[in-house]
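Trainee: The following block contains the structure, expressed as structure tokens.
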Amino acid sequence: MFDVAVFGSLFLTLFVIMDPPGITPIFLALTAGRPAKVQRRMAFQAVCVAGGVITVFGLLGHQILGYLHVSVPALMIAGGLLLLLIALDLLTGKTDEPKQTKDVNVALVPLGMPLLAGPGAIVSVILAVQKADGVTGQVSVWAAILAIHVVLWLVMRYSLLIIRVIKDGGVVLVTRLAGMMLSAIAVQQIINGVTQVIQGA
């Protein structure tokens with residue numbers, strides 16, 4: 001009732017795409033200034049949002065994209081533009097403003113989507129669900145999806161310990177680095193989407 005090869009393949013694919021180690025500085029930057037209890041809750045919310053989005057697209061991905069007449073490259077470009085806006089905020093320090101820090105739930109956007117449940121992860125899951133043979137394949141696919149979300153939650157949950165070590169100055173540095181990393185991810189995502197559009201033309 002379990003296919004280790006299918007599980008391992010999808011888990012590694014999602015691990016590379018969703019990048020738990022890489023999400024740590026971005027999570028710390030976006031949640032800086034909040035109480036530890038709120039940060040822990042946001043880590044859980046982000047994983048739940050990502051899991052919900054991935055599940056919906058895993059079950060109904062082709063139907064949703066087809067109904068909306070949205071192509072995968074368009075999804076990638078839109079996600080890249082959204083990430084770029086967030087990255088610019090991190091680089092310019094706008095996330096340090098009280099309103100941004102306290103009132104906006106970044107667990108939903110951009111953490112839950114499109115950072116975690118981005119176009120790459122969504123497409124990978126849609127294809128994996130399609131290719132999975134029988135009950136064994138489906139169980140393995142969904143087990144891999146659950147496992148990567150548990151890993152993401154653990155990484156973000158315990159990354160809060162880093163804040164206690166690096167203090168406020170370190171948080172500012174991490175915020176700028178996260179902005180730079182996120183802007184690179186966003187630009188690459190846009191490039192990939194445009195490339196696919198050109199190749200499909």
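Every chain in the structure tokens has a letter given in the order shown (A, B, ...), and although residue numbers restart at 1 in each chain, ligands are simply numbered from 1 in the order shown.
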When you look at range 145-149 of chain A with a cut-off of 12 Å (counting only C-alpha atoms), what residues show up, excluding the ones that are within fewer than 6 positions of it in the same chain? I need them as a PDB file with all heavy atoms, in the first residue's frame.
Mentor:
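The result, stored in part_24.pdb:
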```
ATOM      1  N   VAL A   6       7.872   6.496  -5.463  1.00  0.00           N
ATOM      2  CA  VAL A   6       6.967   7.615  -5.752  1.00  0.00           C
ATOM      3  C   VAL A   6       7.031   8.647  -4.630  1.00  0.00           C
ATOM      4  O   VAL A   6       7.128   9.860  -4.878  1.00  0.00           O
ATOM      5  CB  VAL A   6       5.516   7.115  -5.932  1.00  0.00           C
ATOM      6  CG1 VAL A   6       4.548   8.294  -6.021  1.00  0.00           C
ATOM      7  CG2 VAL A   6       5.401   6.254  -7.185  1.00  0.00           C
ATOM      8  N   PHE A   7       7.002   8.150  -3.388  1.00  0.00           N
ATOM      9  CA  PHE A   7       7.084   9.042  -2.219  1.00  0.00           C
ATOM     10  C   PHE A   7       8.382   9.847  -2.245  1.00  0.00           C
ATOM     11  O   PHE A   7       8.374  11.080  -2.118  1.00  0.00           O
ATOM     12  CB  PHE A   7       7.007   8.219  -0.930  1.00  0.00           C
ATOM     13  CG  PHE A   7       7.243   9.024   0.318  1.00  0.00           C
ATOM     14  CD1 PHE A   7       6.190   9.667   0.963  1.00  0.00           C
ATOM     15  CD2 PHE A   7       8.517   9.150   0.855  1.00  0.00           C
ATOM     16  CE1 PHE A   7       6.415  10.424   2.110  1.00  0.00           C
ATOM     17  CE2 PHE A   7       8.747   9.898   1.995  1.00  0.00           C
ATOM     18  CZ  PHE A   7       7.696  10.532   2.626  1.00  0.00           C
ATOM     19  N   GLY A   8       9.503   9.149  -2.418  1.00  0.00           N
ATOM     20  CA  GLY A   8      10.803   9.809  -2.400  1.00  0.00           C
ATOM     21  C   GLY A   8      10.969  10.813  -3.517  1.00  0.00           C
ATOM     22  O   GLY A   8      11.504  11.915  -3.310  1.00  0.00           O
ATOM     23  N   SER A   9      10.494  10.463  -4.709  1.00  0.00           N
ATOM     24  CA  SER A   9      10.621  11.348  -5.860  1.00  0.00           C
ATOM     25  C   SER A   9       9.864  12.659  -5.651  1.00  0.00           C
ATOM     26  O   SER A   9      10.419  13.746  -5.865  1.00  0.00           O
ATOM     27  CB  SER A   9      10.105  10.640  -7.119  1.00  0.00           C
ATOM     28  OG  SER A   9      10.128  11.519  -8.214  1.00  0.00           O
ATOM     29  N   LEU A  10       8.603  12.562  -5.231  1.00  0.00           N
ATOM     30  CA  LEU A  10       7.796  13.771  -5.041  1.00  0.00           C
ATOM     31  C   LEU A  10       8.290  14.568  -3.837  1.00  0.00           C
ATOM     32  O   LEU A  10       8.343  15.805  -3.888  1.00  0.00           O
ATOM     33  CB  LEU A  10       6.322  13.419  -4.868  1.00  0.00           C
ATOM     34  CG  LEU A  10       5.381  14.621  -4.685  1.00  0.00           C
ATOM     35  CD1 LEU A  10       5.493  15.585  -5.866  1.00  0.00           C
ATOM     36  CD2 LEU A  10       3.934  14.170  -4.506  1.00  0.00           C
ATOM     37  N   PHE A  11       8.680  13.871  -2.760  1.00  0.00           N
ATOM     38  CA  PHE A  11       9.157  14.575  -1.565  1.00  0.00           C
ATOM     39  C   PHE A  11      10.401  15.395  -1.887  1.00  0.00           C
ATOM     40  O   PHE A  11      10.499  16.567  -1.515  1.00  0.00           O
ATOM     41  CB  PHE A  11       9.462  13.580  -0.440  1.00  0.00           C
ATOM     42  CG  PHE A  11       9.967  14.244   0.821  1.00  0.00           C
ATOM     43  CD1 PHE A  11       9.062  14.770   1.737  1.00  0.00           C
ATOM     44  CD2 PHE A  11      11.324  14.358   1.065  1.00  0.00           C
ATOM     45  CE1 PHE A  11       9.525  15.398   2.898  1.00  0.00           C
ATOM     46  CE2 PHE A  11      11.791  14.989   2.224  1.00  0.00           C
ATOM     47  CZ  PHE A  11      10.885  15.508   3.133  1.00  0.00           C
ATOM     48  N   LEU A  12      11.349  14.792  -2.606  1.00  0.00           N
ATOM     49  CA  LEU A  12      12.575  15.514  -2.966  1.00  0.00           C
ATOM     50  C   LEU A  12      12.288  16.672  -3.908  1.00  0.00           C
ATOM     51  O   LEU A  12      12.878  17.750  -3.792  1.00  0.00           O
ATOM     52  CB  LEU A  12      13.578  14.551  -3.608  1.00  0.00           C
ATOM     53  CG  LEU A  12      14.235  13.539  -2.657  1.00  0.00           C
ATOM     54  CD1 LEU A  12      15.122  12.570  -3.436  1.00  0.00           C
ATOM     55  CD2 LEU A  12      15.050  14.257  -1.586  1.00  0.00           C
ATOM     56  N   THR A  13      11.361  16.443  -4.856  1.00  0.00           N
ATOM     57  CA  THR A  13      10.987  17.517  -5.788  1.00  0.00           C
ATOM     58  C   THR A  13      10.405  18.708  -5.035  1.00  0.00           C
ATOM     59  O   THR A  13      10.793  19.862  -5.259  1.00  0.00           O
ATOM     60  CB  THR A  13       9.967  17.003  -6.818  1.00  0.00           C
ATOM     61  OG1 THR A  13      10.539  15.925  -7.560  1.00  0.00           O
ATOM     62  CG2 THR A  13       9.554  18.110  -7.776  1.00  0.00           C
ATOM     63  N   LEU A  14       9.466  18.424  -4.132  1.00  0.00           N
ATOM     64  CA  LEU A  14       8.829  19.493  -3.355  1.00  0.00           C
ATOM     65  C   LEU A  14       9.813  20.137  -2.389  1.00  0.00           C
ATOM     66  O   LEU A  14       9.734  21.344  -2.121  1.00  0.00           O
ATOM     67  CB  LEU A  14       7.612  18.952  -2.592  1.00  0.00           C
ATOM     68  CG  LEU A  14       6.420  18.544  -3.458  1.00  0.00           C
ATOM     69  CD1 LEU A  14       5.306  17.971  -2.594  1.00  0.00           C
ATOM     70  CD2 LEU A  14       5.890  19.738  -4.254  1.00  0.00           C
ATOM     71  N   PHE A  15      10.757  19.349  -1.865  1.00  0.00           N
ATOM     72  CA  PHE A  15      11.753  19.891  -0.936  1.00  0.00           C
ATOM     73  C   PHE A  15      12.614  20.930  -1.653  1.00  0.00           C
ATOM     74  O   PHE A  15      12.897  22.000  -1.107  1.00  0.00           O
ATOM     75  CB  PHE A  15      12.640  18.769  -0.390  1.00  0.00           C
ATOM     76  CG  PHE A  15      13.553  19.203   0.736  1.00  0.00           C
ATOM     77  CD1 PHE A  15      13.144  19.101   2.053  1.00  0.00           C
ATOM     78  CD2 PHE A  15      14.811  19.730   0.472  1.00  0.00           C
ATOM     79  CE1 PHE A  15      13.968  19.518   3.094  1.00  0.00           C
ATOM     80  CE2 PHE A  15      15.647  20.146   1.490  1.00  0.00           C
ATOM     81  CZ  PHE A  15      15.229  20.036   2.816  1.00  0.00           C
ATOM     82  N   VAL A  16      13.009  20.615  -2.886  1.00  0.00           N
ATOM     83  CA  VAL A  16      13.830  21.539  -3.669  1.00  0.00           C
ATOM     84  C   VAL A  16      13.032  22.796  -4.033  1.00  0.00           C
ATOM     85  O   VAL A  16      13.531  23.925  -3.939  1.00  0.00           O
ATOM     86  CB  VAL A  16      14.360  20.855  -4.945  1.00  0.00           C
ATOM     87  CG1 VAL A  16      15.016  21.871  -5.872  1.00  0.00           C
ATOM     88  CG2 VAL A  16      15.337  19.750  -4.581  1.00  0.00           C
ATOM     89  N   ILE A  17      11.774  22.601  -4.445  1.00  0.00           N
ATOM     90  CA  ILE A  17      10.947  23.731  -4.888  1.00  0.00           C
ATOM     91  C   ILE A  17      10.524  24.611  -3.712  1.00  0.00           C
ATOM     92  O   ILE A  17      10.641  25.841  -3.754  1.00  0.00           O
ATOM     93  CB  ILE A  17       9.698  23.227  -5.638  1.00  0.00           C
ATOM     94  CG1 ILE A  17      10.105  22.575  -6.961  1.00  0.00           C
ATOM     95  CG2 ILE A  17       8.720  24.380  -5.900  1.00  0.00           C
ATOM     96  CD1 ILE A  17       8.965  21.884  -7.670  1.00  0.00           C
ATOM     97  N   MET A  18      10.022  23.987  -2.634  1.00  0.00           N
ATOM     98  CA  MET A  18       9.505  24.749  -1.489  1.00  0.00           C
ATOM     99  C   MET A  18      10.629  25.210  -0.569  1.00  0.00           C
ATOM    100  O   MET A  18      10.458  26.155   0.193  1.00  0.00           O
ATOM    101  CB  MET A  18       8.460  23.912  -0.747  1.00  0.00           C
ATOM    102  CG  MET A  18       7.287  23.521  -1.635  1.00  0.00           C
ATOM    103  SD  MET A  18       6.095  22.412  -0.850  1.00  0.00           S
ATOM    104  CE  MET A  18       4.913  23.596  -0.214  1.00  0.00           C
ATOM    105  N   ASP A  19      11.765  24.519  -0.618  1.00  0.00           N
ATOM    106  CA  ASP A  19      13.023  24.961   0.008  1.00  0.00           C
ATOM    107  C   ASP A  19      12.876  25.344   1.488  1.00  0.00           C
ATOM    108  O   ASP A  19      12.999  26.533   1.834  1.00  0.00           O
ATOM    109  CB  ASP A  19      13.577  26.137  -0.789  1.00  0.00           C
ATOM    110  CG  ASP A  19      15.009  26.472  -0.388  1.00  0.00           C
ATOM    111  OD1 ASP A  19      15.646  25.633   0.276  1.00  0.00           O
ATOM    112  OD2 ASP A  19      15.466  27.570  -0.726  1.00  0.00           O
ATOM    113  N   PRO A  20      12.639  24.358   2.367  1.00  0.00           N
ATOM    114  CA  PRO A  20      12.512  24.666   3.807  1.00  0.00           C
ATOM    115  C   PRO A  20      13.682  25.459   4.388  1.00  0.00           C
ATOM    116  O   PRO A  20      13.446  26.441   5.107  1.00  0.00           O
ATOM    117  CB  PRO A  20      12.400  23.264   4.440  1.00  0.00           C
ATOM    118  CG  PRO A  20      11.790  22.430   3.374  1.00  0.00           C
ATOM    119  CD  PRO A  20      12.382  22.940   2.087  1.00  0.00           C
ATOM    120  N   ALA A  43       3.396  30.490  11.599  1.00  0.00           N
ATOM    121  CA  ALA A  43       4.084  29.355  10.964  1.00  0.00           C
ATOM    122  C   ALA A  43       3.083  28.248  10.670  1.00  0.00           C
ATOM    123  O   ALA A  43       3.078  27.665   9.573  1.00  0.00           O
ATOM    124  CB  ALA A  43       5.195  28.842  11.872  1.00  0.00           C
ATOM    125  N   PHE A  44       2.217  27.975  11.628  1.00  0.00           N
ATOM    126  CA  PHE A  44       1.197  26.930  11.451  1.00  0.00           C
ATOM    127  C   PHE A  44       0.186  27.333  10.381  1.00  0.00           C
ATOM    128  O   PHE A  44      -0.199  26.520   9.528  1.00  0.00           O
ATOM    129  CB  PHE A  44       0.494  26.666  12.780  1.00  0.00           C
ATOM    130  CG  PHE A  44      -0.538  25.566  12.710  1.00  0.00           C
ATOM    131  CD1 PHE A  44      -0.150  24.241  12.593  1.00  0.00           C
ATOM    132  CD2 PHE A  44      -1.901  25.867  12.756  1.00  0.00           C
ATOM    133  CE1 PHE A  44      -1.105  23.225  12.523  1.00  0.00           C
ATOM    134  CE2 PHE A  44      -2.847  24.860  12.681  1.00  0.00           C
ATOM    135  CZ  PHE A  44      -2.450  23.537  12.560  1.00  0.00           C
ATOM    136  N   GLN A  45      -0.228  28.608  10.414  1.00  0.00           N
ATOM    137  CA  GLN A  45      -1.198  29.094   9.423  1.00  0.00           C
ATOM    138  C   GLN A  45      -0.630  29.026   8.011  1.00  0.00           C
ATOM    139  O   GLN A  45      -1.329  28.627   7.072  1.00  0.00           O
ATOM    140  CB  GLN A  45      -1.596  30.539   9.743  1.00  0.00           C
ATOM    141  CG  GLN A  45      -2.499  30.684  10.948  1.00  0.00           C
ATOM    142  CD  GLN A  45      -2.782  32.141  11.273  1.00  0.00           C
ATOM    143  OE1 GLN A  45      -2.001  33.031  10.937  1.00  0.00           O
ATOM    144  NE2 GLN A  45      -3.895  32.392  11.947  1.00  0.00           N
ATOM    145  N   ALA A  46       0.628  29.406   7.857  1.00  0.00           N
ATOM    146  CA  ALA A  46       1.261  29.396   6.535  1.00  0.00           C
ATOM    147  C   ALA A  46       1.283  27.983   5.958  1.00  0.00           C
ATOM    148  O   ALA A  46       0.979  27.767   4.776  1.00  0.00           O
ATOM    149  CB  ALA A  46       2.680  29.950   6.615  1.00  0.00           C
ATOM    150  N   VAL A  47       1.625  27.011   6.805  1.00  0.00           N
ATOM    151  CA  VAL A  47       1.665  25.615   6.358  1.00  0.00           C
ATOM    152  C   VAL A  47       0.258  25.124   6.022  1.00  0.00           C
ATOM    153  O   VAL A  47       0.061  24.399   5.037  1.00  0.00           O
ATOM    154  CB  VAL A  47       2.319  24.725   7.434  1.00  0.00           C
ATOM    155  CG1 VAL A  47       2.158  23.256   7.091  1.00  0.00           C
ATOM    156  CG2 VAL A  47       3.798  25.071   7.561  1.00  0.00           C
ATOM    157  N   CYS A  48      -0.733  25.517   6.827  1.00  0.00           N
ATOM    158  CA  CYS A  48      -2.121  25.106   6.557  1.00  0.00           C
ATOM    159  C   CYS A  48      -2.626  25.697   5.244  1.00  0.00           C
ATOM    160  O   CYS A  48      -3.287  25.012   4.460  1.00  0.00           O
ATOM    161  CB  CYS A  48      -3.037  25.538   7.706  1.00  0.00           C
ATOM    162  SG  CYS A  48      -2.835  24.556   9.201  1.00  0.00           S
ATOM    163  N   VAL A  49      -2.304  26.974   4.995  1.00  0.00           N
ATOM    164  CA  VAL A  49      -2.711  27.621   3.745  1.00  0.00           C
ATOM    165  C   VAL A  49      -2.061  26.928   2.557  1.00  0.00           C
ATOM    166  O   VAL A  49      -2.722  26.603   1.560  1.00  0.00           O
ATOM    167  CB  VAL A  49      -2.336  29.124   3.753  1.00  0.00           C
ATOM    168  CG1 VAL A  49      -2.499  29.728   2.365  1.00  0.00           C
ATOM    169  CG2 VAL A  49      -3.203  29.867   4.755  1.00  0.00           C
ATOM    170  N   ALA A  50      -0.747  26.702   2.672  1.00  0.00           N
ATOM    171  CA  ALA A  50      -0.028  26.027   1.589  1.00  0.00           C
ATOM    172  C   ALA A  50      -0.593  24.635   1.354  1.00  0.00           C
ATOM    173  O   ALA A  50      -0.821  24.219   0.212  1.00  0.00           O
ATOM    174  CB  ALA A  50       1.469  25.939   1.919  1.00  0.00           C
ATOM    175  N   GLY A  51      -0.840  23.900   2.442  1.00  0.00           N
ATOM    176  CA  GLY A  51      -1.395  22.550   2.324  1.00  0.00           C
ATOM    177  C   GLY A  51      -2.772  22.551   1.685  1.00  0.00           C
ATOM    178  O   GLY A  51      -3.088  21.693   0.859  1.00  0.00           O
ATOM    179  N   GLY A  52      -3.585  23.540   2.054  1.00  0.00           N
ATOM    180  CA  GLY A  52      -4.929  23.639   1.484  1.00  0.00           C
ATOM    181  C   GLY A  52      -4.892  23.920  -0.009  1.00  0.00           C
ATOM    182  O   GLY A  52      -5.609  23.291  -0.794  1.00  0.00           O
ATOM    183  N   VAL A  53      -4.029  24.870  -0.397  1.00  0.00           N
ATOM    184  CA  VAL A  53      -3.897  25.224  -1.823  1.00  0.00           C
ATOM    185  C   VAL A  53      -3.377  24.035  -2.627  1.00  0.00           C
ATOM    186  O   VAL A  53      -3.905  23.708  -3.701  1.00  0.00           O
ATOM    187  CB  VAL A  53      -2.963  26.441  -1.997  1.00  0.00           C
ATOM    188  CG1 VAL A  53      -2.645  26.674  -3.472  1.00  0.00           C
ATOM    189  CG2 VAL A  53      -3.594  27.683  -1.387  1.00  0.00           C
ATOM    190  N   ILE A  54      -2.333  23.377  -2.111  1.00  0.00           N
ATOM    191  CA  ILE A  54      -1.753  22.221  -2.793  1.00  0.00           C
ATOM    192  C   ILE A  54      -2.787  21.098  -2.930  1.00  0.00           C
ATOM    193  O   ILE A  54      -2.887  20.452  -3.984  1.00  0.00           O
ATOM    194  CB  ILE A  54      -0.522  21.699  -2.014  1.00  0.00           C
ATOM    195  CG1 ILE A  54       0.631  22.697  -2.104  1.00  0.00           C
ATOM    196  CG2 ILE A  54      -0.091  20.335  -2.532  1.00  0.00           C
ATOM    197  CD1 ILE A  54       1.272  22.821  -3.456  1.00  0.00           C
ATOM    198  N   THR A  55      -3.562  20.870  -1.876  1.00  0.00           N
ATOM    199  CA  THR A  55      -4.581  19.812  -1.904  1.00  0.00           C
ATOM    200  C   THR A  55      -5.653  20.096  -2.958  1.00  0.00           C
ATOM    201  O   THR A  55      -6.027  19.218  -3.738  1.00  0.00           O
ATOM    202  CB  THR A  55      -5.244  19.662  -0.524  1.00  0.00           C
ATOM    203  OG1 THR A  55      -4.238  19.305   0.439  1.00  0.00           O
ATOM    204  CG2 THR A  55      -6.322  18.587  -0.544  1.00  0.00           C
ATOM    205  N   GLY A  58      -4.157  19.682  -6.306  1.00  0.00           N
ATOM    206  CA  GLY A  58      -3.876  18.272  -6.541  1.00  0.00           C
ATOM    207  C   GLY A  58      -5.115  17.515  -6.975  1.00  0.00           C
ATOM    208  O   GLY A  58      -5.058  16.623  -7.831  1.00  0.00           O
ATOM    209  N   GLY A 112       2.089  31.563   2.798  1.00  0.00           N
ATOM    210  CA  GLY A 112       1.314  30.391   2.390  1.00  0.00           C
ATOM    211  C   GLY A 112       1.278  30.238   0.887  1.00  0.00           C
ATOM    212  O   GLY A 112       1.518  29.161   0.338  1.00  0.00           O
ATOM    213  N   LEU A 116       5.279  29.224  -0.458  1.00  0.00           N
ATOM    214  CA  LEU A 116       5.260  27.774  -0.244  1.00  0.00           C
ATOM    215  C   LEU A 116       4.470  27.072  -1.350  1.00  0.00           C
ATOM    216  O   LEU A 116       4.981  26.199  -2.034  1.00  0.00           O
ATOM    217  CB  LEU A 116       4.680  27.452   1.134  1.00  0.00           C
ATOM    218  CG  LEU A 116       5.455  28.017   2.333  1.00  0.00           C
ATOM    219  CD1 LEU A 116       4.790  27.609   3.650  1.00  0.00           C
ATOM    220  CD2 LEU A 116       6.903  27.543   2.309  1.00  0.00           C
ATOM    221  N   ALA A 117       3.214  27.437  -1.485  1.00  0.00           N
ATOM    222  CA  ALA A 117       2.380  26.831  -2.531  1.00  0.00           C
ATOM    223  C   ALA A 117       2.472  27.687  -3.791  1.00  0.00           C
ATOM    224  O   ALA A 117       1.511  28.350  -4.189  1.00  0.00           O
ATOM    225  CB  ALA A 117       0.933  26.718  -2.058  1.00  0.00           C
ATOM    226  N   ALA A 121       5.389  24.163  -7.161  1.00  0.00           N
ATOM    227  CA  ALA A 121       4.849  23.117  -6.292  1.00  0.00           C
ATOM    228  C   ALA A 121       3.487  22.647  -6.788  1.00  0.00           C
ATOM    229  O   ALA A 121       3.190  21.442  -6.804  1.00  0.00           O
ATOM    230  CB  ALA A 121       4.736  23.633  -4.859  1.00  0.00           C
ATOM    231  N   ILE A 122       2.657  23.589  -7.215  1.00  0.00           N
ATOM    232  CA  ILE A 122       1.312  23.250  -7.696  1.00  0.00           C
ATOM    233  C   ILE A 122       1.390  22.343  -8.929  1.00  0.00           C
ATOM    234  O   ILE A 122       0.717  21.310  -9.001  1.00  0.00           O
ATOM    235  CB  ILE A 122       0.513  24.537  -8.022  1.00  0.00           C
ATOM    236  CG1 ILE A 122       0.137  25.254  -6.722  1.00  0.00           C
ATOM    237  CG2 ILE A 122      -0.740  24.216  -8.830  1.00  0.00           C
ATOM    238  CD1 ILE A 122      -0.479  26.630  -6.937  1.00  0.00           C
ATOM    239  N   SER A 124       3.911  20.474  -9.924  1.00  0.00           N
ATOM    240  CA  SER A 124       4.507  19.183  -9.552  1.00  0.00           C
ATOM    241  C   SER A 124       3.476  18.243  -8.948  1.00  0.00           C
ATOM    242  O   SER A 124       3.441  17.051  -9.256  1.00  0.00           O
ATOM    243  CB  SER A 124       5.657  19.394  -8.558  1.00  0.00           C
ATOM    244  OG  SER A 124       6.688  20.142  -9.137  1.00  0.00           O
ATOM    245  N   VAL A 125       2.630  18.795  -8.090  1.00  0.00           N
ATOM    246  CA  VAL A 125       1.596  17.975  -7.440  1.00  0.00           C
ATOM    247  C   VAL A 125       0.542  17.527  -8.445  1.00  0.00           C
ATOM    248  O   VAL A 125       0.111  16.369  -8.428  1.00  0.00           O
ATOM    249  CB  VAL A 125       0.958  18.754  -6.268  1.00  0.00           C
ATOM    250  CG1 VAL A 125      -0.308  18.055  -5.779  1.00  0.00           C
ATOM    251  CG2 VAL A 125       1.949  18.904  -5.127  1.00  0.00           C
ATOM    252  N   ILE A 126       0.127  18.435  -9.325  1.00  0.00           N
ATOM    253  CA  ILE A 126      -0.868  18.077 -10.345  1.00  0.00           C
ATOM    254  C   ILE A 126      -0.360  16.907 -11.187  1.00  0.00           C
ATOM    255  O   ILE A 126      -1.081  15.926 -11.429  1.00  0.00           O
ATOM    256  CB  ILE A 126      -1.193  19.292 -11.251  1.00  0.00           C
ATOM    257  CG1 ILE A 126      -1.963  20.352 -10.468  1.00  0.00           C
ATOM    258  CG2 ILE A 126      -2.015  18.852 -12.467  1.00  0.00           C
ATOM    259  CD1 ILE A 126      -2.213  21.639 -11.251  1.00  0.00           C
ATOM    260  N   ALA A 128       2.067  14.736 -10.414  1.00  0.00           N
ATOM    261  CA  ALA A 128       2.270  13.536  -9.593  1.00  0.00           C
ATOM    262  C   ALA A 128       0.961  12.802  -9.347  1.00  0.00           C
ATOM    263  O   ALA A 128       0.902  11.570  -9.418  1.00  0.00           O
ATOM    264  CB  ALA A 128       2.915  13.921  -8.261  1.00  0.00           C
ATOM    265  N   VAL A 129      -0.098  13.552  -9.076  1.00  0.00           N
ATOM    266  CA  VAL A 129      -1.417  12.940  -8.853  1.00  0.00           C
ATOM    267  C   VAL A 129      -1.902  12.264 -10.124  1.00  0.00           C
ATOM    268  O   VAL A 129      -2.479  11.179 -10.094  1.00  0.00           O
ATOM    269  CB  VAL A 129      -2.437  13.994  -8.364  1.00  0.00           C
ATOM    270  CG1 VAL A 129      -3.847  13.422  -8.355  1.00  0.00           C
ATOM    271  CG2 VAL A 129      -2.063  14.491  -6.968  1.00  0.00           C
ATOM    272  N   GLN A 138      -1.393   6.750  -5.179  1.00  0.00           N
ATOM    273  CA  GLN A 138      -2.067   7.924  -4.608  1.00  0.00           C
ATOM    274  C   GLN A 138      -1.702   8.114  -3.140  1.00  0.00           C
ATOM    275  O   GLN A 138      -1.443   9.238  -2.691  1.00  0.00           O
ATOM    276  CB  GLN A 138      -3.590   7.775  -4.754  1.00  0.00           C
ATOM    277  CG  GLN A 138      -4.100   7.862  -6.179  1.00  0.00           C
ATOM    278  CD  GLN A 138      -3.926   9.244  -6.781  1.00  0.00           C
ATOM    279  OE1 GLN A 138      -3.864  10.253  -6.083  1.00  0.00           O
ATOM    280  NE2 GLN A 138      -3.822   9.309  -8.112  1.00  0.00           N
ATOM    281  N   VAL A 139      -1.659   7.017  -2.391  1.00  0.00           N
ATOM    282  CA  VAL A 139      -1.284   7.089  -0.967  1.00  0.00           C
ATOM    283  C   VAL A 139       0.139   7.632  -0.832  1.00  0.00           C
ATOM    284  O   VAL A 139       0.414   8.477   0.027  1.00  0.00           O
ATOM    285  CB  VAL A 139      -1.398   5.697  -0.299  1.00  0.00           C
ATOM    286  CG1 VAL A 139      -0.737   5.711   1.081  1.00  0.00           C
ATOM    287  CG2 VAL A 139      -2.860   5.293  -0.172  1.00  0.00           C
ATOM    288  N   VAL A 155      10.579  23.532  10.494  1.00  0.00           N
ATOM    289  CA  VAL A 155      11.661  24.477  10.179  1.00  0.00           C
ATOM    290  C   VAL A 155      11.273  25.888  10.595  1.00  0.00           C
ATOM    291  O   VAL A 155      12.049  26.602  11.250  1.00  0.00           O
ATOM    292  CB  VAL A 155      12.007  24.431   8.675  1.00  0.00           C
ATOM    293  CG1 VAL A 155      12.899  25.612   8.292  1.00  0.00           C
ATOM    294  CG2 VAL A 155      12.707  23.128   8.333  1.00  0.00           C
ATOM    295  N   MET A 156      10.053  26.323  10.231  1.00  0.00           N
ATOM    296  CA  MET A 156       9.631  27.678  10.586  1.00  0.00           C
ATOM    297  C   MET A 156       9.381  27.817  12.085  1.00  0.00           C
ATOM    298  O   MET A 156       9.726  28.829  12.690  1.00  0.00           O
ATOM    299  CB  MET A 156       8.377  28.057   9.792  1.00  0.00           C
ATOM    300  CG  MET A 156       8.636  28.298   8.323  1.00  0.00           C
ATOM    301  SD  MET A 156       7.241  29.036   7.454  1.00  0.00           S
ATOM    302  CE  MET A 156       6.076  27.681   7.461  1.00  0.00           C
ATOM    303  N   ARG A 157       8.802  26.788  12.669  1.00  0.00           N
ATOM    304  CA  ARG A 157       8.495  26.819  14.113  1.00  0.00           C
ATOM    305  C   ARG A 157       9.758  26.998  14.938  1.00  0.00           C
ATOM    306  O   ARG A 157       9.808  27.819  15.863  1.00  0.00           O
ATOM    307  CB  ARG A 157       7.778  25.517  14.488  1.00  0.00           C
ATOM    308  CG  ARG A 157       7.652  25.250  15.981  1.00  0.00           C
ATOM    309  CD  ARG A 157       6.679  26.201  16.638  1.00  0.00           C
ATOM    310  NE  ARG A 157       6.459  25.853  18.015  1.00  0.00           N
ATOM    311  CZ  ARG A 157       7.294  26.105  19.026  1.00  0.00           C
ATOM    312  NH1 ARG A 157       8.459  26.721  18.774  1.00  0.00           N
ATOM    313  NH2 ARG A 157       7.006  25.775  20.269  1.00  0.00           N
TER     314      ARG A 157
END
```
Trainee: Work out how far apart CA of Gly79 in chain A and CA of Val194 in chain A are and give it in Å to one decimal.
Mentor: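 According to the coordinates, CA of Gly79 in chain A and CA of Val194 in chain A are separated by 12.3 Å.
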Trainee: Could you check how far CA of Val174 in chain A sits from CA of Pro25 in chain A, in Å to one decimal?
Mentor: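 So the answer is 6.0 Å.
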Trainee: Looking at only C-alpha atoms, which of A:Met76, A:Leu90, A:Ile191, A:Leu30 is the one that sits closest to Met42 in chain A?
Mentor: A:Leu30
Trainee: I'd like the interatomic distance between CA of Ala87 in chain A and CA of Leu111 in chain A, to a tenth of an Å.
Mentor: 12.0 Å
Trainee: Name the residues in contact with Thr175 in chain A at a cut-off of 8 Å, using only C-alpha atoms, excluding same-chain residues fewer than 4 positions from it; report them as a ChimeraX atom specification.
Mentor: /A:25-26,28-30,90-91,93,171,179
Trainee: Which residue out of A:Thr24, A:Gln39, A:Asn105, A:Ser71 has the minimum interatomic distance to Gln196 in chain A when only C-alpha atoms are used?
Mentor: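 Selected residue with least distance to Gln196 in chain A: A:Ser71.
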